[in-house]
Amino acid sequence: MLKIKQVLFLMFGVTSFIIFYMGFLSFITTSDELMGTIMLGFSGIVSLGTLIGTFYISRNITTPIDELITKMNEFSKNNKTTKYTESNYGIHELQYLHKNFHKMTDMVGKTIEKEKKLNIQLQEIDKRKIEFMSMMSHELKTPIMPILGYIQLLKKQELLGELNNQQLDALNEIHLATIRLQKLIQDILTAQKIDLEKLNITKDMLESKEVIDLVYKAFSPICKIKNVHLEKNSENHQIVSDADRICQVFSNLISNALEFVPERGGKIEIGSYEQEKSIVFFVKDNGHGISFEEQQNIFKKFYQVDASLKRKKEGSGLGLSICEGIVKALNGQIWVESQVNFGTTFYFRLPKKAIQIQHLKS
Amino acid sequence: MSDLTFIKKELTVLIIDDNEQITKMISTFLRLNNHKCIIANDGEYGLEILQKEQFNVILLDLAMPELDGYEILEKIRSSDKISKIIILTASNITKENQQKFKEIGIKTILQKPVDIDVLLEKITTISKYQ
Ligand SMILES: Nc1ncnc2c1ncn2[C@@H]1O[C@H](COP(=O)(O)OP(=O)(O)OP(=O)(O)O)[C@@H](O)[C@H]1O
Ligand SMILES: [Mg+2]
């Protein structure tokens, strides 16, 4: 790579040498001695002048450019430059360049400053959101306790006296609605935690088969009641992850499957297998399936396919978005494969070794 | 079943919780099950009565104005009463705090809203160890 200095000296050096050489030639070839001496002297002065000029120009060009380069480096390192001082560079364009460079860095510096302030403000807002959330969580959960308690109490007819059928009916409705409300509160709070990246995650060494067994045990009774055949199918592998959270995802997926399997001959299969460096868990059902277009939407918050038509029970559309949030917090992926009228399989893949699981505690 | 004698045993339960609806509901339920209940709707009174009298089981809420559950635990942490405490809270408990509670000898932590049958079961279990 050439430097400006070198280029200048090369160009003007050669020029001055040629001038001097021509003067010298005319000096030895001319018969007029005076004329020759004048020519020699003149060419000597011109070439010397050229050299000095080159030196001067080169200094006036390269010094400001070098300075500019230093300042640029400085700026790219810490977003600041030394203050602009009105230095007098011989060359107008370079001085202009300097001035504008400073104008630009000033502007960029100010923008960065602003952004930093904004960031601090955002953090403050986040903090307040979290405080608000934990307060709200507490305030919402507290009144559910006496409501549920008294419902249960009233249902214990041996303690508080007999209810007639209509009263019992009314009480059952209240009970169902309260349970729904409780689930909704829980889900909203979990979704909010996921949004604020405040989901508690713990990592332990787990056996995938044990996790599946646990889920199987938990859901066998309800499947029996609903006349749905529950099957488990699991290889055993070790995985470092959060068992409670995995169970939570399974619970959401199985609850969904239970709602969409046919009244008769409903089948749900749960299991896990190894794939490269991860474990894939799945919940497979023989329900009515999800069309390809809808598959793009179901993980969105509050999204429900044909809420009025096919479902047996009301939901809020938070289940799958929560599953996705949890799986992501565990550094995994969740996806769905489905064929309308044949069934649906939800998969989630988790790394076997915890790649630095996000520790999102307050 | 020999356990039946334990379940039938009359227990004295202290409930420390600032929410009056909750203390009323739980005490109604426990009394209907033939247990005795003392209610403290604030931390100060709770701590006072806790230090003065004997109980089989103590239900303790964490978030309370003024003296809260954590402070009460701090004050009685070396007493043998700690093993009689069931924490009953609507607040989120971090895993670290859970660990701390275990270390000082608290066996049962329940999240509100808790099923009252589960609550009764935990109360009888705790009283069995005494
Ligand atoms: N196994 C399944 N078979 C067919 N459709 C499904 C299945 N699982 C989910 N869906 C569709 O995806 C939608 C979103 O599911 P999601 O679990 O997020 O919400 P939800 O079950 O409606 O409500 P929530 O889970 O909050 O009670 C459901 O409304 C349903 O239309
Ligand atoms: Mg769901």
# chains A, B, ... in the order shown; residues from 1 in each chain; ligands from 1

$ residues_around --residues "Leu50 of chain B" --least-positions-apart "3" --cutoff "12 Å" --atoms "only C-alpha atoms" --output "number ranges by chain"
B: 12-16, 38-40, 42-47, 53-60, 72-73, 75-76, 79-82, 84-85

$ interface_residues --of "chain A" --to "chain B" --cutoff "12 Å" --atoms "only C-alpha atoms" --output "ChimeraX atom specification"
/A:131,133-161,178-179,181-183,185-186,189-190,193,198-203,359-362

$ select_by_dssp --residues "segment 155-338 of chain A" --states "strand (DSSP E)" --output "MDAnalysis selection string"
chainID A and resid 204:207 229:234 238:241 267:275 278:285 333:338

$ residues_around --residues "Gln98 of chain B" --least-positions-apart "6" --cutoff "10 Å" --atoms "only C-alpha atoms" --output "list in words"
Ile106, Lys107, Thr108 and Ile109 of chain B

$ write_last_selection --atoms "N, CA, C and O atoms" --output "compact mmCIF listing (two decimals), in the first residue's frame"
# COMPACT_ATOMS: atom_id res chain seq x y z
N ILE B 106 -38.71 -25.62 57.92
CA ILE B 106 -40.12 -25.55 57.52
C ILE B 106 -40.38 -26.60 56.44
O ILE B 106 -39.73 -26.61 55.40
N LYS B 107 -41.33 -27.47 56.73
CA LYS B 107 -41.54 -28.59 55.82
C LYS B 107 -42.56 -28.28 54.75
O LYS B 107 -42.49 -28.81 53.64
N THR B 108 -43.55 -27.44 55.09
CA THR B 108 -44.66 -27.27 54.17
C THR B 108 -44.85 -25.83 53.72
O THR B 108 -44.95 -24.92 54.54
N ILE B 109 -44.86 -25.64 52.42
CA ILE B 109 -45.13 -24.32 51.85
C ILE B 109 -46.30 -24.49 50.87
O ILE B 109 -46.22 -25.30 49.95

$ residues_around --residues "Phe299 of chain A" --least-positions-apart "3" --cutoff "8 Å" --atoms "only C-alpha atoms" --output "MDAnalysis selection string"
chainID A and resid 295:296 303 320:321 324

$ residues_near_ligand --ligand "ligand 2" --cutoff "8 Å" --atoms "only C-alpha atoms and all ligand atoms" --output "PDB file with N, CA and C atoms, in the first residue's frame"
ATOM      1  N   ASN A 252     -50.236 -28.646  29.253  1.00  0.00           N
ATOM      2  CA  ASN A 252     -50.968 -27.806  28.294  1.00  0.00           C
ATOM      3  C   ASN A 252     -51.296 -28.565  27.017  1.00  0.00           C
ATOM      4  N   LEU A 253     -50.302 -29.317  26.511  1.00  0.00           N
ATOM      5  CA  LEU A 253     -50.503 -30.012  25.238  1.00  0.00           C
ATOM      6  C   LEU A 253     -51.533 -31.132  25.379  1.00  0.00           C
ATOM      7  N   SER A 255     -53.926 -31.292  27.677  1.00  0.00           N
ATOM      8  CA  SER A 255     -55.251 -30.677  27.865  1.00  0.00           C
ATOM      9  C   SER A 255     -55.861 -30.318  26.517  1.00  0.00           C
ATOM     10  N   ASN A 256     -55.030 -29.761  25.639  1.00  0.00           N
ATOM     11  CA  ASN A 256     -55.527 -29.447  24.294  1.00  0.00           C
ATOM     12  C   ASN A 256     -55.993 -30.715  23.580  1.00  0.00           C
ATOM     13  N   GLY A 315     -61.616 -22.077  26.498  1.00  0.00           N
ATOM     14  CA  GLY A 315     -60.239 -21.792  26.878  1.00  0.00           C
ATOM     15  C   GLY A 315     -59.983 -20.335  26.585  1.00  0.00           C
ATOM     16  N   SER A 316     -58.746 -19.925  26.763  1.00  0.00           N
ATOM     17  CA  SER A 316     -58.468 -18.516  26.518  1.00  0.00           C
ATOM     18  C   SER A 316     -57.476 -18.310  25.386  1.00  0.00           C
ATOM     19  N   GLY A 317     -56.875 -19.395  24.913  1.00  0.00           N
ATOM     20  CA  GLY A 317     -55.915 -19.261  23.820  1.00  0.00           C
ATOM     21  C   GLY A 317     -54.519 -18.887  24.273  1.00  0.00           C
ATOM     22  N   LEU A 318     -54.257 -19.104  25.548  1.00  0.00           N
ATOM     23  CA  LEU A 318     -52.916 -18.772  26.051  1.00  0.00           C
ATOM     24  C   LEU A 318     -52.006 -19.995  26.120  1.00  0.00           C
ATOM     25  N   GLY A 319     -52.628 -21.176  26.187  1.00  0.00           N
ATOM     26  CA  GLY A 319     -51.874 -22.405  26.431  1.00  0.00           C
ATOM     27  C   GLY A 319     -50.634 -22.585  25.566  1.00  0.00           C
ATOM     28  N   LEU A 320     -50.807 -22.494  24.261  1.00  0.00           N
ATOM     29  CA  LEU A 320     -49.668 -22.774  23.378  1.00  0.00           C
ATOM     30  C   LEU A 320     -48.610 -21.667  23.417  1.00  0.00           C
TER      31      LEU A 320
END

$ closest_residue --among "B:Met64, B:Ile87, B:Ile126, B:Leu11" --to "Phe101 of chain B" --atoms "only C-alpha atoms"
B:Ile87

$ atom_distance --atom1 "atom CA of Ser278 of chain A" --atom2 "atom CA of Leu350 of chain A"
5.5 Å

$ select_by_dssp --residues "segment 41-86 of chain B" --states "alpha helix (DSSP H)" --output "PyMOL selection string"
chain B and resi 43-52+69-75

$ closest_residue --among "A:Ser47, A:Asn331, A:Asn119, A:Asn297" --to "ligand 1" --atoms "only C-alpha atoms and all ligand atoms"
A:Asn297

$ residues_around --residues "Asn79 of chain A" --least-positions-apart "2" --cutoff "10 Å" --atoms "only C-alpha atoms" --output "PyMOL selection string"
chain A and resi 72-77+81+105-106+108-110+112-113

$ atom_distance --atom1 "atom CA of Ile28 of chain A" --atom2 "atom CA of Leu10 of chain A"
26.6 Å

$ decode --residues "segment 11-33 of chain B" --atoms "N, CA and C atoms" --output "mmCIF file, in the first residue's frame"
data_model
loop_
_atom_site.group_PDB
_atom_site.id
_atom_site.type_symbol
_atom_site.label_atom_id
_atom_site.label_comp_id
_atom_site.auth_asym_id
_atom_site.auth_seq_id
_atom_site.Cartn_x
_atom_site.Cartn_y
_atom_site.Cartn_z
ATOM 1 N N LEU B 11 -57.068 -30.336 67.338
ATOM 2 C CA LEU B 11 -55.843 -29.555 67.186
ATOM 3 C C LEU B 11 -56.124 -28.088 67.480
ATOM 4 N N THR B 12 -55.090 -27.421 67.953
ATOM 5 C CA THR B 12 -55.201 -25.979 68.107
ATOM 6 C C THR B 12 -54.338 -25.328 67.025
ATOM 7 N N VAL B 13 -54.995 -24.539 66.210
ATOM 8 C CA VAL B 13 -54.295 -23.965 65.049
ATOM 9 C C VAL B 13 -54.289 -22.445 65.151
ATOM 10 N N LEU B 14 -53.122 -21.869 64.956
ATOM 11 C CA LEU B 14 -53.030 -20.411 64.891
ATOM 12 C C LEU B 14 -52.950 -19.995 63.418
ATOM 13 N N ILE B 15 -53.787 -19.056 63.025
ATOM 14 C CA ILE B 15 -53.736 -18.570 61.640
ATOM 15 C C ILE B 15 -53.288 -17.115 61.644
ATOM 16 N N ILE B 16 -52.142 -16.863 61.065
ATOM 17 C CA ILE B 16 -51.661 -15.477 60.966
ATOM 18 C C ILE B 16 -51.763 -15.046 59.497
ATOM 19 N N ASP B 17 -52.716 -14.163 59.225
ATOM 20 C CA ASP B 17 -52.944 -13.714 57.851
ATOM 21 C C ASP B 17 -53.715 -12.406 57.911
ATOM 22 N N ASP B 18 -53.301 -11.425 57.136
ATOM 23 C CA ASP B 18 -53.969 -10.129 57.224
ATOM 24 C C ASP B 18 -55.303 -10.108 56.466
ATOM 25 N N ASN B 19 -55.559 -11.139 55.661
ATOM 26 C CA ASN B 19 -56.812 -11.175 54.917
ATOM 27 C C ASN B 19 -57.905 -11.837 55.753
ATOM 28 N N GLU B 20 -58.859 -11.021 56.174
ATOM 29 C CA GLU B 20 -59.862 -11.527 57.103
ATOM 30 C C GLU B 20 -60.774 -12.572 56.480
ATOM 31 N N GLN B 21 -61.032 -12.420 55.197
ATOM 32 C CA GLN B 21 -61.886 -13.410 54.531
ATOM 33 C C GLN B 21 -61.243 -14.787 54.547
ATOM 34 N N ILE B 22 -59.938 -14.783 54.341
ATOM 35 C CA ILE B 22 -59.235 -16.067 54.324
ATOM 36 C C ILE B 22 -59.197 -16.682 55.716
ATOM 37 N N THR B 23 -58.878 -15.877 56.729
ATOM 38 C CA THR B 23 -58.819 -16.451 58.079
ATOM 39 C C THR B 23 -60.196 -16.945 58.514
ATOM 40 N N LYS B 24 -61.230 -16.194 58.144
ATOM 41 C CA LYS B 24 -62.585 -16.606 58.523
ATOM 42 C C LYS B 24 -62.954 -17.929 57.848
ATOM 43 N N MET B 25 -62.642 -18.017 56.564
ATOM 44 C CA MET B 25 -62.988 -19.227 55.829
ATOM 45 C C MET B 25 -62.259 -20.444 56.412
ATOM 46 N N ILE B 26 -60.955 -20.299 56.605
ATOM 47 C CA ILE B 26 -60.179 -21.440 57.105
ATOM 48 C C ILE B 26 -60.641 -21.830 58.505
ATOM 49 N N SER B 27 -60.888 -20.814 59.356
ATOM 50 C CA SER B 27 -61.283 -21.146 60.726
ATOM 51 C C SER B 27 -62.663 -21.813 60.746
ATOM 52 N N THR B 28 -63.565 -21.319 59.890
ATOM 53 C CA THR B 28 -64.878 -21.971 59.801
ATOM 54 C C THR B 28 -64.710 -23.446 59.458
ATOM 55 N N PHE B 29 -63.894 -23.692 58.462
ATOM 56 C CA PHE B 29 -63.671 -25.057 57.999
ATOM 57 C C PHE B 29 -63.035 -25.917 59.087
ATOM 58 N N LEU B 30 -62.034 -25.366 59.761
ATOM 59 C CA LEU B 30 -61.346 -26.146 60.795
ATOM 60 C C LEU B 30 -62.269 -26.415 61.984
ATOM 61 N N ARG B 31 -63.048 -25.407 62.348
ATOM 62 C CA ARG B 31 -63.965 -25.597 63.485
ATOM 63 C C ARG B 31 -65.014 -26.641 63.154
ATOM 64 N N LEU B 32 -65.484 -26.614 61.928
ATOM 65 C CA LEU B 32 -66.452 -27.637 61.517
ATOM 66 C C LEU B 32 -65.823 -29.029 61.592
ATOM 67 N N ASN B 33 -64.495 -29.058 61.486
ATOM 68 C CA ASN B 33 -63.808 -30.338 61.623
ATOM 69 C C ASN B 33 -63.323 -30.578 63.057
#
